[in-house]
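J.: Can you read through this structure? Questions will come right after.
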Amino acid sequence: MKLIMVSVLERQVIDFLGYQWAPILTNFLHIIVVILGLFGTIQFRPRYVTGYAAWLVVWMTWNVFIICFYLEVGDLSRDSDLVLTFNLSMHRSWWMENGPGCRVTPITPPPSWAPEDHRYISISGCLMDFQFIEVAHSSLQILLALMGFIYACYVVKLISEEEDSFDFIGGFDSYGYQGPQKTSHLQLQPMYMSK
């Protein structure tokens, strides 16, 4: 679970740097649900762990969407401002300008259509295109979520078995009542009284 938290926190920082609001919100939700899943595991609360497992299905679906978005599957376009930034900014992935080996060159004068408060740049020399870095991040998240889902299902199974096998003191267990197993000279016997 530590690896999941570290990777999602790293992703959260990168998305904050790129002003990508939809991923920021989903990463934040994921962090909260991971904490609840940890709490449920530590406190033996199967509902929390089950909720964590259900969230992981949504999280994997989100990451499949991110992969499709950056690879431009179907009608998706990574040049759309609406999807990841809610049309609040013109920002893109932080990796676009800061990827391994990328050189950013400002273009002067900027085109007439460029907003005054934004810079117009040229990016060259990248060892790996930003969309493939984003796809790798999402693929890692899917792999970690799949392992987390399997772990959550296992924990719920263990907690459920433990609850089923619990025997109240002097109570009944799941196989019916069993009499005392120890023989002792202090063993109490029922006493019948007649009138």
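Ligands are numbered from 1 in the order shown, chains are lettered A, B, ... in the order of the structure tokens, and residues start at 1 in each chain.
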Write down as a ChimeraX atom specification the residues belonging to range 13-156 of chain A that are assigned helix (DSSP H, G or I) by DSSP computed on the backbone.
T.: /A:13-17,21-42,46-70,81-85,95-98,130-156
J.: Counting only C-alpha atoms, what is within 8 Å of range 121-131 of chain A, bar same-chain residues fewer than 2 positions away, as a count of residues only?
T.: 19
J.: Between A:Ala22, A:Ile150, A:Arg45, A:Thr108, single out the one closest to Phe65 in chain A, counting only C-alpha atoms.
T.: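 Among the listed residues, the smallest separation from Phe65 in chain A belongs to A:Ala22.
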J.: Can you work out which one of A:Arg78, A:Lys2, A:Arg92, A:Arg47 has the shortest atom-to-atom distance to Tyr19 in chain A, counting only C-alpha atoms?
T.: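 Ranking A:Arg78, A:Lys2, A:Arg92, A:Arg47 by distance to Tyr19 in chain A, first place goes to A:Arg92.
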J.: Could you tell me which of A:Leu84, A:Met193, A:Val6, A:Val49 comes closest to Thr26 in chain A if we count only C-alpha atoms?
T.: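 When distances to Thr26 in chain A are compared using only C-alpha atoms, the smallest one comes from A:Leu84.
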J.: Nearest to Met147 in chain A among A:Leu3, A:Met191, A:Glu10, A:Thr50, with distances taken over only C-alpha atoms: which residue is it?
T.: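 Counting only C-alpha atoms, the residue closest to Met147 in chain A is A:Leu3.
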J.: Using only C-alpha atoms, which of the listed residues (A:Tyr192, A:Asn27, A:Gly74, A:Thr41) sits closest to Leu158 in chain A?
T.: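 Going through A:Tyr192, A:Asn27, A:Gly74, A:Thr41 one by one, the smallest distance to Leu158 in chain A is for A:Thr41.
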J.: Please measure the separation of CA of Leu29 in chain A and CA of Tyr151 in chain A, giving the value in Å to one decimal.
T.: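 About the pair CA of Leu29 in chain A and CA of Tyr151 in chain A: they are 19.6 Å apart.
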J.: Smallest atom-to-atom distance to Met5 in chain A: which of A:Trp21, A:Phe69, A:Phe28, A:Tyr48, using only C-alpha atoms?
T.: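 Nearest candidate to Met5 in chain A out of A:Trp21, A:Phe69, A:Phe28, A:Tyr48: A:Phe28.
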J.: Enter the distance from CA of Ser160 in chain A to CA of Gln43 in chain A, in Å, rounded to one decimal.
T.: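 Interatomic distance, CA of Ser160 in chain A to CA of Gln43 in chain A: 13.1 Å.
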